[in-house]
Amino acid sequence: MEAPLPGEDGAMNGSGGERNPGAPDRPPAEGEGRRRVLVVDDTFLNRRVLRAMLRLDGHEVLEAEDGRQALELARAERPDLVLLDVMMPVMDGYAACAELKKDPLLADTPIIFLSSKDEPEAKVRGLRLGAADYIAKPFNAEEVRARVSTHLELRQLTRSLKRLNGELLAKQARLEEDLRAAADIQRALLPRSRQPLPGFSVAWRFVPSSMVGGDIFNVHGLEGTCAAVYMLDVSGHGVPSAMVTVSVARALSPDGGVVLRGGVATPREVMRELEREYPFERFERFFTVSYLVVDTGSGHVRYTSAAHPPPLLVPREGPARVLPEGGALIGMGLVDTLEEGEVVLSPGDRVVLYTDGAFELTDPDGTQYGLERLYELIVRHRHLDVEGLCDRVLQTLHDYRRGAPAEDDITLLVLEYRGTEGAH
């Protein structure tokens, strides 16, 4: 080891070191906002040289004579970077580095090893212990300043990224809380009774995707023997879509002012009212909807679909067919072209409503399930009761995804007409 030399002021203690090697080189007030660098070297001259170099860039310099003193000073002062000699008495640089990295308050502090050894093995050992860099003696001032500056900037960037990541995680937690609340509201809008329609057997399944979507459906009794059945899908996901969903569901309730105007409103009248209340420029959302007015006594159904996947009519016997009458989606100002259809159900006939999530889902290879395959699945299992049919469809779709989460809400509603006997 080199013999210690006097400092710039010539002050020496009995062991050949400075009186206070750990003290900052300037008063704290002057150093406010500057970056602290801890220089650890048992040779006084080396510390003086490094101190002079670092002061050129305005850094505050702390000094320690060995690894143990470096640990004490680092824990007390929390430096921004450590320049650490390898060969020192009491505790060498490798041991000091290992201890610094164990301390959770100091683990992210960059450490640059200083050594006259330039062997690859020495460098690898230091890097494996967590050091950020390695500088060989004798020192080159420009190299030292450049490496110190680089690692200080990297640390600052790392801290900024951690802070931003923490803020993002906090925002994500708040968003997830909002989404859970929106999902609870969405579920609360589903039918409350398992058999909400006299004269019909009714079953449904609602499988929300990982994000709150815009699917909703319901069955409402109207005047006399009439009832309204609807299913809608608001564009997009998340809280904004869920809020529009809640609003539309409220508008479609019997006391919402849309479906009862001087008696039972026709499907076309309901669509026109929705178009007036929910133009795209108001909410920046559009939605599709199937809307049916059902006479529970006679089985007469009047219906229309505003760009929603058409209802599927599955008779007790014979071929199934879609109910295609409809028109443009809500929000684009085109409902005047919308058409209505009518059908009279016989006992045992079914009407199936669904959203696009039930047929646009894909398997892990990206192949879509498809609408025709969904129709074939529903018809093939029409011998099952309505609950069994819903279970079979959902299980088939789950198997097709091979357990992967659904990309979109999957919604299915099955109505089976039982006739006047079923109304009692």
# chains A, B, ... in the order shown; residues from 1 in each chain; ligands from 1
call {"tool": "residues_around", "arguments": {"residues": "range 217-232 of chain A", "least_positions_apart": "5", "cutoff": "7 Å", "atoms": "only C-alpha atoms", "output": "short mmCIF file (atom, residue, chain, number, x, y, z; two decimals) with C-alpha atoms, in the first residue's frame"}}
result
data_model
loop_
_atom_site.label_atom_id
_atom_site.label_comp_id
_atom_site.auth_asym_id
_atom_site.auth_seq_id
_atom_site.Cartn_x
_atom_site.Cartn_y
_atom_site.Cartn_z
CA LEU A 190 -79.66 -8.41 -14.57
CA PRO A 191 -83.07 -10.03 -14.02
CA PRO A 196 -89.38 -13.26 -14.86
CA SER A 253 -87.10 -0.02 -17.57
CA PRO A 254 -90.90 0.46 -17.39
CA VAL A 264 -96.81 -0.19 -24.86
CA PHE A 287 -74.54 0.38 -29.07
CA THR A 288 -76.40 -2.51 -30.63
CA VAL A 289 -79.67 -3.82 -29.23
CA SER A 290 -82.31 -6.48 -29.85
CA TYR A 291 -85.72 -5.51 -28.49
CA LEU A 292 -88.81 -7.72 -28.30
CA VAL A 293 -92.36 -7.03 -27.14
CA VAL A 294 -93.87 -10.37 -26.12
CA ASP A 295 -97.52 -11.19 -25.45
CA THR A 296 -97.19 -13.84 -22.79
CA GLY A 297 -100.69 -15.12 -23.41
#
call {"tool": "select_by_dssp", "arguments": {"residues": "range 34-257 of chain A", "states": "helix (DSSP H, G or I)", "output": "JSON, numbers by chain"}}
result
{"A": [44, 45, 46, 47, 48, 49, 50, 51, 52, 53, 54, 55, 67, 68, 69, 70, 71, 72, 73, 74, 75, 76, 77, 93, 94, 95, 96, 97, 98, 99, 100, 101, 102, 120, 121, 122, 123, 124, 125, 126, 127, 128, 141, 142, 143, 144, 145, 146, 147, 148, 149, 150, 151, 152, 153, 154, 155, 156, 157, 158, 159, 160, 161, 162, 163, 164, 165, 166, 167, 168, 169, 170, 171, 172, 173, 174, 175, 176, 177, 178, 179, 180, 181, 182, 183, 184, 185, 186, 187, 188, 239, 240, 241, 242, 243, 244, 245, 246, 247, 248, 249, 250, 251]}
call {"tool": "residues_around", "arguments": {"residues": "Gly403 in chain A", "least_positions_apart": "5", "cutoff": "10 Å", "atoms": "only C-alpha atoms", "output": "ChimeraX atom specification"}}
result
/A:363-364,397-398
call {"tool": "atom_distance", "arguments": {"atom1": "CA of Gly366 in chain A", "atom2": "CA of Ser209 in chain A"}}
result
17.0 Å
call {"tool": "closest_atom_pairs", "arguments": {"of": "range 74-186 of chain A", "to": "range 57-69 of chain A", "cutoff": "8 Å", "atoms": "only C-alpha atoms", "output": "tab-separated table"}}
result
residue	atom	partner	partner_atom	distance
A:Met88	CA	A:Asp66	CA	5.8
A:Pro89	CA	A:Asp66	CA	6.2
A:Val90	CA	A:Asp66	CA	6.5
A:Met91	CA	A:Gly67	CA	4.7
A:Asp92	CA	A:Gly67	CA	5.6
A:Gly93	CA	A:Gly67	CA	6.0
A:Ala95	CA	A:Gly67	CA	7.4
A:Ala96	CA	A:Gly67	CA	5.0
A:Arg145	CA	A:Asp57	CA	7.7
call {"tool": "write_last_selection", "arguments": {"atoms": "C-alpha atoms", "output": "JSON list (two decimals), in the first residue's frame"}}
result
[["chain", "number", "residue", "atom", "x", "y", "z"],
["A", 88, "MET", "CA", -8.10, -2.36, 2.21],
["A", 89, "PRO", "CA", -7.46, -3.32, 5.83],
["A", 90, "VAL", "CA", -10.21, -4.19, 8.36],
["A", 91, "MET", "CA", -12.74, -4.99, 5.59],
["A", 92, "ASP", "CA", -11.89, -5.20, 1.90],
["A", 93, "GLY", "CA", -14.01, -3.84, -0.94],
["A", 95, "ALA", "CA", -16.93, -7.70, 1.67],
["A", 96, "ALA", "CA", -18.09, -4.09, 1.93],
["A", 145, "ARG", "CA", -15.71, 11.82, -14.12]]
call {"tool": "closest_atom_pairs", "arguments": {"of": "range 252-282 of chain A", "to": "range 339-347 of chain A", "cutoff": "9 Å", "atoms": "only C-alpha atoms", "output": "tab-separated table"}}
result
residue	atom	partner	partner_atom	distance
A:Thr266	CA	A:Glu340	CA	8.9
A:Pro267	CA	A:Glu340	CA	7.1
A:Arg268	CA	A:Glu340	CA	6.7
call {"tool": "atom_distance", "arguments": {"atom1": "CA of His151 in chain A", "atom2": "CA of Leu81 in chain A"}}
result
7.8 Å
call {"tool": "residues_around", "arguments": {"residues": "Thr337 in chain A", "least_positions_apart": "3", "cutoff": "10 Å", "atoms": "only C-alpha atoms", "output": "list in words"}}
result
Arg268, Gly326, Gly327, Ala328, Gly333 and Leu334 of chain A
call {"tool": "residues_around", "arguments": {"residues": "Asp391 in chain A", "least_positions_apart": "6", "cutoff": "12 Å", "atoms": "only C-alpha atoms", "output": "ChimeraX atom specification"}}
result
/A:203-207,377-378,381,384-385,397-398,412-414
call {"tool": "write_last_selection", "arguments": {"atoms": "C-alpha atoms", "output": "compact mmCIF listing (two decimals), in the first residue's frame"}}
result
# COMPACT_ATOMS: atom_id res chain seq x y z
CA ALA A 203 -82.52 -19.04 -18.54
CA TRP A 204 -79.46 -16.90 -19.06
CA ARG A 205 -75.74 -16.84 -18.62
CA PHE A 206 -73.50 -13.79 -18.34
CA VAL A 207 -69.72 -14.34 -18.36
CA LEU A 377 -74.61 -25.97 -31.19
CA ILE A 378 -77.89 -24.44 -29.97
CA HIS A 381 -78.95 -29.50 -28.01
CA LEU A 384 -82.16 -30.02 -23.20
CA ASP A 385 -84.16 -27.77 -20.94
CA LEU A 397 -67.23 -22.21 -25.50
CA HIS A 398 -64.99 -22.65 -22.45
CA LEU A 412 -76.84 -15.74 -23.61
CA LEU A 413 -80.61 -15.53 -22.96
CA VAL A 414 -83.01 -18.39 -23.82
call {"tool": "select_by_dssp", "arguments": {"residues": "range 108-288 of chain A", "states": "strand (DSSP E)", "output": "MDAnalysis selection string"}}
result
chainID A and resid 111:115 133:136 200:207 215:221 226:234 287:288
call {"tool": "write_last_selection", "arguments": {"atoms": "C-alpha atoms", "output": "JSON list (two decimals), in the first residue's frame"}}
result
[["chain", "number", "residue", "atom", "x", "y", "z"],
["A", 111, "ILE", "CA", -20.85, 0.92, -6.66],
["A", 112, "ILE", "CA", -17.75, 1.42, -8.82],
["A", 113, "PHE", "CA", -14.77, -0.66, -7.81],
["A", 114, "LEU", "CA", -11.30, 0.89, -7.74],
["A", 115, "SER", "CA", -8.30, -1.41, -8.07],
["A", 133, "ASP", "CA", -18.57, -0.69, -12.96],
["A", 134, "TYR", "CA", -14.82, -1.04, -12.49],
["A", 135, "ILE", "CA", -12.04, 1.61, -12.75],
["A", 136, "ALA", "CA", -8.40, 0.59, -12.82],
["A", 200, "PHE", "CA", -92.11, -18.85, -20.51],
["A", 201, "SER", "CA", -89.17, -20.83, -19.21],
["A", 202, "VAL", "CA", -86.23, -18.43, -19.07],
["A", 203, "ALA", "CA", -82.52, -19.04, -18.54],
["A", 204, "TRP", "CA", -79.46, -16.90, -19.06],
["A", 205, "ARG", "CA", -75.74, -16.84, -18.62],
["A", 206, "PHE", "CA", -73.50, -13.79, -18.34],
["A", 207, "VAL", "CA", -69.72, -14.34, -18.36],
["A", 215, "ASP", "CA", -73.39, -6.14, -22.30],
["A", 216, "ILE", "CA", -76.71, -6.06, -20.48],
["A", 217, "PHE", "CA", -80.13, -7.68, -20.84],
["A", 218, "ASN", "CA", -83.40, -7.83, -18.96],
["A", 219, "VAL", "CA", -87.04, -8.83, -18.98],
["A", 220, "HIS", "CA", -89.71, -6.36, -17.83],
["A", 221, "GLY", "CA", -93.44, -6.78, -17.45],
["A", 226, "CYS", "CA", -97.14, -7.76, -22.54],
["A", 227, "ALA", "CA", -93.48, -7.88, -21.57],
["A", 228, "ALA", "CA", -90.30, -6.33, -22.95],
["A", 229, "VAL", "CA", -87.18, -8.40, -23.54],
["A", 230, "TYR", "CA", -83.95, -6.78, -24.64],
["A", 231, "MET", "CA", -80.23, -7.37, -24.96],
["A", 232, "LEU", "CA", -77.70, -4.66, -25.79],
["A", 233, "ASP", "CA", -73.98, -4.24, -26.20],
["A", 234, "VAL", "CA", -72.32, -0.82, -25.77],
["A", 287, "PHE", "CA", -74.54, 0.38, -29.07],
["A", 288, "THR", "CA", -76.40, -2.51, -30.63]]
call {"tool": "closest_residue", "arguments": {"among": "A:Gly236, A:Arg163, A:Glu273, A:Gly126", "to": "Leu252 in chain A", "atoms": "only C-alpha atoms"}}
result
A:Glu273
call {"tool": "atom_distance", "arguments": {"atom1": "CA of Leu106 in chain A", "atom2": "CA of Arg125 in chain A"}}
result
19.5 Å
call {"tool": "residues_around", "arguments": {"residues": "Ser235 in chain A", "least_positions_apart": "3", "cutoff": "9 Å", "atoms": "only C-alpha atoms", "output": "list in words"}}
result
Gly213, Gly214, Ser241, Arg285, Phe286, Phe287 and Thr288 of chain A
call {"tool": "write_last_selection", "arguments": {"atoms": "C-alpha atoms", "output": "PDB file, in the first residue's frame"}}
result
ATOM      1  CA  GLY A 213     -67.938  -4.347 -20.845  1.00  0.00           C
ATOM      2  CA  GLY A 214     -71.189  -3.025 -22.155  1.00  0.00           C
ATOM      3  CA  SER A 241     -69.049   1.927 -21.491  1.00  0.00           C
ATOM      4  CA  ARG A 285     -70.327   5.488 -27.682  1.00  0.00           C
ATOM      5  CA  PHE A 286     -72.735   3.591 -29.882  1.00  0.00           C
ATOM      6  CA  PHE A 287     -74.542   0.379 -29.073  1.00  0.00           C
ATOM      7  CA  THR A 288     -76.405  -2.505 -30.628  1.00  0.00           C
TER       8      THR A 288
END
